[in-house]
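structure_13.cif (mmCIF, C-alpha atoms and all ligand atoms) appears below.
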```cif
data_input
#
loop_
_atom_site.label_atom_id
_atom_site.label_comp_id
_atom_site.auth_asym_id
_atom_site.auth_seq_id
_atom_site.Cartn_x
_atom_site.Cartn_y
_atom_site.Cartn_z
CA MET D 1 0.00 0.00 0.00
CA PRO D 2 1.36 3.49 -0.78
CA LEU D 3 2.84 5.36 2.21
CA VAL D 4 1.63 8.70 0.92
CA THR D 5 -1.23 9.22 -1.57
CA PRO D 6 -0.17 10.71 -4.93
CA GLU D 7 -2.19 13.88 -4.10
CA LEU D 8 -0.25 14.38 -0.87
CA ALA D 9 3.09 13.50 -2.50
CA ALA D 10 2.48 16.36 -4.94
CA ALA D 11 2.28 18.74 -1.96
CA GLU D 12 5.93 18.10 -1.08
CA GLY D 13 8.11 21.17 -1.65
CA ARG D 14 11.23 21.37 -3.76
CA SER D 15 14.21 19.39 -2.35
CA ARG D 16 16.88 21.76 -1.13
CA HIS D 17 20.52 21.24 -0.27
CA GLY D 18 21.25 21.32 3.50
CA ASP D 19 23.74 24.16 2.99
CA THR D 20 22.80 27.44 1.33
CA LEU D 21 24.24 28.16 -2.12
CA ALA D 22 26.43 30.93 -0.64
CA ARG D 23 27.92 28.47 1.83
CA ARG D 24 28.62 25.88 -0.85
CA THR D 25 30.22 28.46 -3.11
CA ALA D 26 32.41 29.77 -0.28
CA ARG D 27 33.54 26.25 0.46
CA ALA D 28 34.32 25.51 -3.16
CA LEU D 29 36.49 28.61 -3.28
CA ARG D 30 38.20 27.85 0.03
CA SER D 31 39.02 24.33 -1.08
CA LEU D 32 40.95 25.76 -4.00
CA VAL D 33 43.42 27.45 -1.67
CA ALA D 34 43.36 25.58 1.67
CA SER D 35 44.77 22.18 2.58
CA ALA D 36 42.11 19.70 3.65
CA ALA D 37 44.67 17.23 5.06
CA ARG D 38 43.36 17.38 8.65
CA ASP D 39 39.75 16.84 7.58
CA THR D 40 40.75 13.95 5.38
CA ALA D 41 42.61 12.21 8.24
CA ALA D 42 39.52 12.43 10.49
CA VAL D 43 37.27 11.12 7.73
CA THR D 44 39.66 8.26 6.94
CA GLU D 45 39.71 7.28 10.62
CA ALA D 46 35.89 7.37 10.73
CA ALA D 47 35.72 5.16 7.62
CA ARG D 48 38.08 2.65 9.27
CA ALA D 49 35.89 2.50 12.40
CA ILE D 50 32.69 2.11 10.38
CA GLN D 51 34.16 -0.72 8.29
CA GLN D 52 35.43 -2.84 11.20
CA PRO D 53 34.71 -6.54 10.63
CA VAL D 54 32.25 -8.27 12.95
CA THR D 55 32.01 -11.97 13.77
CA THR D 56 28.33 -11.96 14.81
CA GLY D 57 25.60 -9.54 13.80
CA ARG D 58 25.69 -6.23 15.66
CA GLN D 59 22.33 -4.77 16.67
CA ILE D 60 22.08 -1.06 17.39
CA ALA D 61 18.99 0.42 19.06
CA VAL D 62 18.05 4.06 18.49
CA THR D 63 15.62 5.51 21.03
CA SER D 64 15.00 8.54 23.25
CA ILE D 65 12.96 9.76 26.18
CA ARG D 66 11.31 12.42 24.01
CA GLY D 67 9.22 12.06 20.85
CA GLY D 68 10.28 14.05 17.82
CA SER D 69 13.91 14.16 18.94
CA GLY D 70 15.35 12.75 15.70
CA LYS D 71 15.25 8.96 16.27
CA SER D 72 14.03 8.04 12.78
CA THR D 73 16.30 10.58 11.14
CA VAL D 74 19.35 9.29 13.03
CA ALA D 75 18.38 5.65 12.36
CA ALA D 76 18.08 6.46 8.64
CA LEU D 77 21.46 8.24 8.59
CA LEU D 78 23.11 5.29 10.36
CA GLY D 79 21.49 2.78 7.98
CA LEU D 80 22.58 4.79 4.93
CA THR D 81 26.12 5.24 6.26
CA TYR D 82 26.62 1.56 7.10
CA ALA D 83 25.05 0.43 3.81
CA HIS D 84 27.38 2.76 1.94
CA TYR D 85 30.59 1.79 3.73
CA ARG D 86 30.16 -1.80 4.87
CA PRO D 87 30.48 -4.81 2.60
CA ASP D 88 28.23 -7.09 4.71
CA PRO D 89 24.41 -6.89 4.65
CA VAL D 90 22.84 -3.97 6.54
CA LEU D 91 19.26 -3.98 7.83
CA ALA D 92 17.16 -1.10 9.17
CA VAL D 93 14.24 -2.25 11.33
CA GLU D 94 11.37 -0.02 12.37
CA ALA D 95 10.27 -1.20 15.82
CA ASP D 96 7.87 1.73 16.11
CA PRO D 97 4.40 0.66 14.95
CA ALA D 98 2.88 4.14 15.43
CA LEU D 99 2.99 5.25 11.77
CA GLY D 100 6.72 5.85 12.01
CA THR D 101 8.69 7.74 9.40
CA LEU D 102 11.67 5.42 8.83
CA PRO D 103 10.31 3.93 5.56
CA ARG D 104 9.76 7.44 4.17
CA ARG D 105 13.18 8.56 5.37
CA LEU D 106 14.77 5.62 3.52
CA GLY D 107 12.88 6.38 0.32
CA ALA D 108 10.24 3.62 0.45
CA THR D 109 7.07 4.41 -1.45
CA GLU D 110 5.07 1.39 -0.35
CA VAL D 111 5.02 -1.19 2.41
CA ARG D 112 4.17 -4.85 1.93
CA TRP D 113 5.67 -6.79 4.84
CA SER D 114 6.15 -5.46 8.35
CA VAL D 115 7.79 -6.67 11.59
CA PRO D 116 4.65 -8.55 12.84
CA ASP D 117 4.20 -10.21 9.40
CA LEU D 118 7.81 -11.39 9.31
CA ALA D 119 7.61 -12.70 12.91
CA ARG D 120 4.81 -15.03 11.80
CA ILE D 121 6.73 -16.60 8.94
CA VAL D 122 10.46 -16.62 9.80
CA ASP D 123 11.99 -20.04 10.23
CA PRO D 124 15.61 -21.10 10.73
CA SER D 125 15.85 -22.84 7.35
CA MET D 126 15.42 -19.55 5.48
CA ARG D 127 18.29 -18.32 3.37
CA ILE D 128 19.13 -14.65 3.11
CA THR D 129 17.64 -14.57 -0.38
CA ASP D 130 14.34 -15.87 1.06
CA LEU D 131 14.45 -13.18 3.73
CA THR D 132 15.25 -10.27 1.45
CA GLY D 133 12.12 -11.15 -0.56
CA TYR D 134 10.18 -9.70 2.39
CA LEU D 135 12.36 -6.58 2.74
CA LEU D 136 12.62 -3.29 0.85
CA PRO D 137 15.98 -2.20 -0.61
CA PHE D 138 17.33 1.27 0.13
CA GLU D 139 20.19 3.41 -1.19
CA GLY D 140 23.65 1.92 -0.81
CA GLY D 141 22.47 -1.71 -0.81
CA GLY D 142 20.74 -1.76 2.59
CA TRP D 143 17.47 -3.50 3.49
CA LEU D 144 14.45 -2.14 5.34
CA LEU D 145 11.80 -3.86 7.46
CA PRO D 146 8.93 -1.45 8.25
CA GLY D 147 7.07 -1.57 11.57
CA SER D 148 3.52 -1.43 10.27
CA GLN D 149 1.42 -1.35 7.13
CA GLY D 150 0.61 2.29 7.83
CA SER D 151 -2.60 1.72 9.77
CA VAL D 152 -3.36 2.80 13.33
CA GLY D 153 -3.52 0.07 15.95
CA ALA D 154 -0.68 -2.22 14.84
CA GLN D 155 1.33 -3.62 17.74
CA ILE D 156 4.83 -4.97 18.12
CA ASP D 157 5.21 -6.83 21.41
CA VAL D 158 8.45 -7.96 23.01
CA GLY D 159 7.99 -11.54 21.78
CA THR D 160 7.53 -10.39 18.19
CA TYR D 161 10.56 -8.12 18.44
CA ARG D 162 12.78 -10.87 19.87
CA THR D 163 11.64 -13.40 17.25
CA VAL D 164 12.50 -11.09 14.37
CA MET D 165 15.79 -9.85 15.81
CA ALA D 166 16.98 -13.39 16.60
CA ALA D 167 16.14 -14.46 13.04
CA VAL D 168 17.87 -11.60 11.25
CA ARG D 169 21.03 -11.67 13.36
CA ARG D 170 22.44 -14.63 11.41
CA TYR D 171 22.27 -12.79 8.12
CA PHE D 172 22.95 -9.13 8.79
CA GLY D 173 26.32 -7.90 10.03
CA THR D 174 24.71 -4.63 11.14
CA THR D 175 21.10 -3.99 12.12
CA VAL D 176 19.88 -0.53 13.12
CA VAL D 177 16.57 -0.40 15.01
CA ASP D 178 14.37 2.69 15.09
CA CYS D 179 12.42 2.30 18.35
CA GLU D 180 9.51 4.06 20.00
CA SER D 181 10.29 6.59 22.69
CA LEU D 182 11.03 5.30 26.18
CA PRO D 183 9.69 3.90 28.44
CA ALA D 184 7.86 1.68 25.91
CA GLU D 185 8.65 -1.95 26.69
CA VAL D 186 10.04 -2.89 23.27
CA ALA D 187 12.28 0.18 23.32
CA ARG D 188 13.62 -0.81 26.74
CA THR D 189 14.23 -4.37 25.51
CA ALA D 190 16.01 -3.12 22.39
CA LEU D 191 18.06 -0.70 24.46
CA VAL D 192 19.52 -3.36 26.74
CA THR D 193 19.76 -6.32 24.34
CA GLY D 194 21.65 -4.64 21.49
CA GLN D 195 25.44 -4.40 21.33
CA ALA D 196 25.28 -0.58 21.21
CA ARG D 197 22.59 2.05 21.72
CA VAL D 198 21.93 5.58 20.56
CA LEU D 199 19.87 8.04 22.59
CA THR D 200 18.70 11.01 20.55
CA THR D 201 18.31 14.23 22.49
CA PRO D 202 16.84 17.54 21.41
CA ALA D 203 19.30 20.41 21.83
CA THR D 204 17.34 21.98 24.70
CA VAL D 205 18.03 22.14 28.42
CA GLU D 206 14.90 20.05 29.11
CA GLY D 207 15.95 17.48 26.51
CA VAL D 208 19.45 17.12 27.95
CA ALA D 209 18.10 16.87 31.51
CA ALA D 210 15.65 14.12 30.52
CA THR D 211 18.37 12.17 28.68
CA ARG D 212 20.68 12.49 31.70
CA THR D 213 17.98 10.75 33.76
CA VAL D 214 17.84 7.90 31.20
CA LEU D 215 21.64 7.59 31.28
CA ASP D 216 21.59 7.36 35.07
CA TRP D 217 19.01 4.56 34.84
CA LEU D 218 20.97 2.78 32.10
CA GLY D 219 24.18 2.92 34.15
CA LYS D 220 22.41 1.01 36.93
CA VAL D 221 21.10 -1.70 34.57
CA HIS D 222 24.64 -2.98 33.90
CA ARG D 223 28.11 -1.48 33.97
CA SER D 224 28.64 -2.27 30.27
CA MET D 225 25.70 -0.09 29.21
CA LEU D 226 27.12 3.46 29.32
CA PRO D 227 30.44 2.66 27.60
CA THR D 228 28.42 1.23 24.69
CA THR D 229 26.01 4.17 24.48
CA VAL D 230 26.24 7.15 22.13
CA VAL D 231 24.10 10.25 22.68
CA ALA D 232 23.15 12.11 19.50
CA LEU D 233 22.45 15.73 20.37
CA VAL D 234 20.17 16.72 17.49
CA ARG D 235 19.68 20.35 16.50
CA THR D 236 16.17 20.12 15.08
CA SER D 237 15.85 23.92 15.18
CA PRO D 238 18.22 26.50 13.67
CA ASP D 239 17.68 28.73 16.72
CA ALA D 240 18.77 26.34 19.49
CA ALA D 241 20.48 28.45 22.15
CA LEU D 242 21.91 25.55 24.16
CA ASP D 243 25.45 25.87 25.56
CA GLN D 244 26.80 22.88 23.67
CA ALA D 245 30.02 22.36 25.67
CA ARG D 246 28.14 22.21 28.97
CA ALA D 247 25.49 19.91 27.53
CA VAL D 248 28.12 17.52 26.15
CA ALA D 249 29.97 17.47 29.51
CA GLN D 250 26.70 16.62 31.32
CA LEU D 251 25.89 13.79 28.94
CA GLU D 252 29.40 12.30 28.81
CA THR D 253 29.62 11.75 32.55
CA GLY D 254 29.62 8.02 33.23
CA GLY D 255 31.11 6.92 29.92
CA ALA D 256 28.64 7.60 27.09
CA ALA D 257 29.99 9.26 23.94
CA VAL D 258 28.26 12.35 22.54
CA THR D 259 27.95 13.41 18.88
CA VAL D 260 26.24 16.61 17.76
CA LEU D 261 24.05 16.45 14.64
CA PRO D 262 23.78 20.00 13.26
CA TYR D 263 20.62 21.63 11.97
CA ASP D 264 20.18 20.72 8.31
CA ARG D 265 17.55 22.22 6.00
CA HIS D 266 17.25 19.05 3.97
CA LEU D 267 16.56 16.94 7.09
CA ALA D 268 14.14 19.56 8.45
CA ALA D 269 12.04 19.30 5.29
CA GLY D 270 11.16 15.64 6.04
CA GLY D 271 10.73 13.02 3.33
CA ALA D 272 13.43 10.77 1.91
CA VAL D 273 17.00 11.49 3.02
CA ARG D 274 19.02 12.11 -0.12
CA THR D 275 22.63 11.89 0.95
CA GLU D 276 23.83 14.19 -1.84
CA LEU D 277 21.60 16.96 -0.45
CA LEU D 278 22.90 16.76 3.11
CA GLY D 279 24.99 19.66 4.33
CA ARG D 280 28.68 18.92 4.58
CA ALA D 281 28.69 19.26 8.39
CA THR D 282 25.70 16.90 8.59
CA ARG D 283 27.44 14.33 6.43
CA GLU D 284 30.57 14.48 8.55
CA ALA D 285 28.54 14.31 11.78
CA ALA D 286 26.69 11.24 10.44
CA ALA D 287 30.01 9.55 9.64
CA LEU D 288 31.44 10.37 13.09
CA LEU D 289 28.26 9.13 14.76
CA ALA D 290 28.31 5.88 12.75
CA ALA D 291 31.99 5.41 13.63
CA ALA D 292 31.43 6.02 17.36
CA VAL D 293 28.50 3.60 17.38
CA MET D 294 30.35 0.84 15.48
CA ASP D 295 33.39 1.24 17.75
CA ARG D 296 31.14 0.59 20.73
CA ALA D 297 29.18 -2.20 19.05
CA VAL D 298 32.38 -4.20 18.47
CA SER D 299 34.08 -3.26 21.77
CA ARG D 300 33.10 -6.62 23.25
CA GLU D 301 35.27 -8.43 20.72
CA ARG D 302 38.21 -6.16 21.43
CA ALA D 303 38.07 -6.52 25.25
CA PRO D 304 41.30 -8.18 26.49
CA ALA D 305 40.91 -11.63 28.10
CA GLY D 306 39.74 -11.42 31.69
CA GLN D 307 38.35 -7.92 31.33
CA ALA D 308 34.60 -7.35 31.56
CA PRO D 309 33.40 -7.15 27.99
CA ALA D 310 31.55 -3.98 27.19
CA GLY D 311 28.30 -4.30 25.30
CA GLN D 312 27.30 -7.51 27.03
CA ALA D 313 23.61 -7.72 27.74
CA PRO D 314 22.75 -8.10 31.43
CA ALA D 315 22.15 -11.64 32.65
CA GLY D 316 18.75 -12.91 31.59
CA GLN D 317 18.34 -10.20 28.98
CA ALA D 318 20.56 -11.60 26.30
CA PRO D 319 18.85 -11.75 22.94
CA ALA D 320 17.27 -15.10 22.25
CA GLY D 321 18.85 -17.15 19.49
CA GLN D 322 22.22 -15.45 19.55
CA ALA D 323 24.14 -16.50 16.46
CA ARG D 324 27.26 -18.61 16.87
CA ALA D 325 30.54 -17.11 15.81
CA GLY D 326 31.12 -17.64 12.15
CA GLN D 327 27.43 -18.09 11.41
CA ALA D 328 26.78 -14.43 10.75
CA PRO D 329 28.24 -12.74 7.71
CA ALA D 330 31.79 -11.96 8.75
CA GLY D 331 32.34 -8.54 7.27
CA ARG D 332 35.77 -8.35 5.74
CA ALA D 333 36.14 -4.71 4.97
CA PRO D 334 38.01 -4.10 1.77
CA GLY D 335 39.23 -0.59 1.22
CA GLY D 336 36.01 1.30 0.72
CA PRO D 337 35.32 4.93 -0.05
CA THR D 338 36.93 7.32 2.41
CA GLN D 339 34.53 10.23 1.96
CA PRO D 340 31.17 10.17 3.73
CA PHE D 341 28.72 8.96 1.07
CA ALA D 342 31.53 9.21 -1.49
CA GLY D 343 31.52 12.96 -1.61
CA GLU D 344 28.92 15.15 -3.19
CA ARG D 345 27.98 13.01 -6.16
CA ALA D 346 25.09 13.74 -8.51
CA ARG D 347 24.24 17.12 -7.15
N1 LIG P 1 19.53 17.52 11.99
C1 LIG P 1 18.30 17.99 11.78
N2 LIG P 1 18.11 19.22 11.25
C2 LIG P 1 16.87 19.69 11.06
N3 LIG P 1 15.75 19.02 11.34
C3 LIG P 1 15.86 17.78 11.84
C4 LIG P 1 17.12 17.19 12.09
N4 LIG P 1 16.92 15.94 12.60
C5 LIG P 1 15.58 15.77 12.65
N5 LIG P 1 14.94 16.86 12.20
C6 LIG P 1 13.48 17.06 12.13
O1 LIG P 1 12.96 16.88 13.44
C7 LIG P 1 11.69 16.23 13.38
C8 LIG P 1 11.70 14.99 14.23
O2 LIG P 1 12.62 14.05 13.66
P1 LIG P 1 12.31 12.50 13.64
O3 LIG P 1 11.01 12.18 12.99
O4 LIG P 1 13.54 11.85 13.13
O5 LIG P 1 12.17 12.25 15.20
P2 LIG P 1 11.60 10.96 15.98
O6 LIG P 1 12.25 10.97 17.31
O7 LIG P 1 11.75 9.76 15.14
O8 LIG P 1 10.05 11.31 16.11
P3 LIG P 1 8.86 10.35 16.61
O9 LIG P 1 8.94 10.36 18.12
O10 LIG P 1 7.65 11.02 16.08
O11 LIG P 1 9.13 8.99 16.03
C9 LIG P 1 11.41 15.95 11.91
O12 LIG P 1 10.56 16.94 11.41
C10 LIG P 1 12.78 16.04 11.27
O13 LIG P 1 12.66 16.46 9.94
MG MG P 2 10.30 8.33 14.54
#
```
I need this file expressed as structure tokens, please.
Amino acid sequence: MPLVTPELAAAEGRSRHGDTLARRTARALRSLVASAARDTAAVTEAARAIQQPVTTGRQIAVTSIRGGSGKSTVAALLGLTYAHYRPDPVLAVEADPALGTLPRRLGATEVRWSVPDLARIVDPSMRITDLTGYLLPFEGGGWLLPGSQGSVGAQIDVGTYRTVMAAVRRYFGTTVVDCESLPAEVARTALVTGQARVLTTPATVEGVAATRTVLDWLGKVHRSMLPTTVVALVRTSPDAALDQARAVAQLETGGAAVTVLPYDRHLAAGGAVRTELLGRATREAAALLAAAVMDRAVSRERAPAGQAPAGQAPAGQAPAGQARAGQAPAGRAPGGPTQPFAGERAR
């Protein structure tokens, strides 16, 4: 069924670049005279972190304590970044049945199969080609599983969520989950069972204070939780007056990493995220965020023997049906592109 009727789709405004023309022109001129060596080193390092191989599928939950704080946008940016950089299969799951926006953000125009539908039919004998028949492709080679068919009243319960996540873990090296806002039960389950988690936070004092409360709770769930958490401070308004340095210091306490996603006109307009229209700062922030998250998602594998592995789910909350090592697609990262989304192609 179509996500948006043709009449409504026609109401969508012109797609604009995230940076103004003046800004892009100034940059083009500057790049003629200035050395970009420092920028390139940071971007190369981010690409290395994003492309790290994994032995079992990594599952990354994106949630928040506030609605409208950028969860779906951040989940879409992470999915697009991983699909672009990583050689192993990438899946974006919408675990928000409330008419979420992830399918639109990833360019889907219709939905056929959703999380509850897949939960009813998955079985261990399925091959990845059987599974992808129920998924929608998105830019960069990623796959999308929507949360609902676009009708009010659909539900995803914890059992459904666990069934689907256990099934897909064998096939997808990286899975990004767009959750409902906390304290919804599925969001809490996703938060503590994944290998890394992202909390989106509006760039307001109230938003930061609320996220701090969630971090304090998360730190008590298990000591591995905060070191595998990344806070995305999202500037959804161009006029945010937040003191960024103080906000970051507040949020970092206890071990979480913090990445700031700048205000971007293209993201503010809604609709499909077209990576070539993202502002340069947005593209770099998305790459840094994806790198920070992947670093944390694989930190368990890197932990020296005898040391408490970070990213381990608390006892009793481990995801059901965890894949055995070697069963999941082991992502061998060949040298991939070193620019976020391969630069500003097709503009
Ligand atoms: N970096 C950004 N710059 C400008 N606008 C943004 C940015 N990130 C998100 N937005 C806008 O903020 C709004 C909320 O974003 P989004 O839908 O991603 O949040 P959400 O947390 O998924 O919301 P919900 O709780 O409804 O699921 C959207 O209108 C989106 O276009
Ligand atoms: Mg959303």
Tell me, counting only C-alpha atoms, for each residue of region 201-311 of chain D within 7 Å of region 91-106 of chain D, which pair of atoms is nearest and how far apart they are in Å to one decimal, in rows ordered by chain and increasing number, as a tab-separated table.
```
residue	atom	partner	partner_atom	distance
D:Gly271	CA	D:Arg105	CA	5.5
D:Ala272	CA	D:Arg105	CA	4.1
D:Val273	CA	D:Arg105	CA	5.4
```
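Between CA of Thr174 (chain D) and CA of Leu135 (chain D) there is a distance of 15.1 Å.
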What does the distance between CA of Glu206 (chain D) and CA of Gln250 (chain D) come to in Å, to one decimal place?
12.5 Å
Shell around region 211-218 of chain D at 10 Å using only C-alpha atoms, local window under 5 positions removed, as a ChimeraX atom specification:
/D:64-66,182-183,188,191-192,199-202,205-206,223-226,229,231,233,247,250-256
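When CA of Trp113 (chain D) is paired with CA of Gly79 (chain D), their separation reads 18.8 Å.
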Contact residues around Ala42 (chain D) with all atoms listed in the file at 10 Å, ignoring same-chain residues under 6 positions, as a VMD selection string:
chain D and resid 48 284 287 to 288 338
What do you get as a PyMOL selection string if you pick all residues at most 8 Å from ligand LIG 1 (chain P), counting all atoms listed in the file?
chain D and resi 63-64+66-75+96+98+100-102+178-181+200+234-238+261-271+282
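Proximity to ligand MG 2 (chain P) was assessed for D:Val54, D:Val62, D:Val176, D:Leu242 counting only C-alpha atoms and all ligand atoms; the smallest distance is recorded for D:Val62.
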Could you tell me which of D:Ala166, D:Gly173, D:Leu118, D:His17 comes closest to Pro87 (chain D) if we count all atoms listed in the file?
D:Gly173
Quick one: residues within 9 Å of Ile128 (chain D), all atoms listed in the file, excluding same-chain residues fewer than 5 positions away - as a ChimeraX atom specification?
/D:133,168,170-172
Dump C-alpha atoms for the selected residues as a PDB file, keeping the file's coordinate frame?
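Final output, saved to part25.pdb:
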```
ATOM      1  CA  GLY D 133      12.120 -11.150  -0.560  1.00  0.00           C
ATOM      2  CA  VAL D 168      17.870 -11.600  11.250  1.00  0.00           C
ATOM      3  CA  ARG D 170      22.440 -14.630  11.410  1.00  0.00           C
ATOM      4  CA  TYR D 171      22.270 -12.790   8.120  1.00  0.00           C
ATOM      5  CA  PHE D 172      22.950  -9.130   8.790  1.00  0.00           C
TER       6      PHE D 172
END
```
Looking at only C-alpha atoms, which of D:Ala232, D:Leu289, D:Ala167, D:Ala257 is the one that sits closest to Ile121 (chain D)?
D:Ala167
In terms of the shortest atom-to-atom distance over all atoms listed in the file, which of D:Pro146, D:Leu277, D:Leu3, D:Asp239 is closest to ligand MG 2 (chain P)?
D:Pro146
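With only C-alpha atoms and all ligand atoms as the atoms that count, the residue of D:Val115, D:Asp130, D:Ala297, D:Gly147 with the shortest distance to ligand MG 2 (chain P) is D:Gly147.
Of the residues under consideration (D:Leu78, D:Val177, D:Leu131, D:Ala286), D:Val177 shows the shortest atom-to-atom contact distance to ligand MG 2 (chain P) when counting only C-alpha atoms and all ligand atoms.
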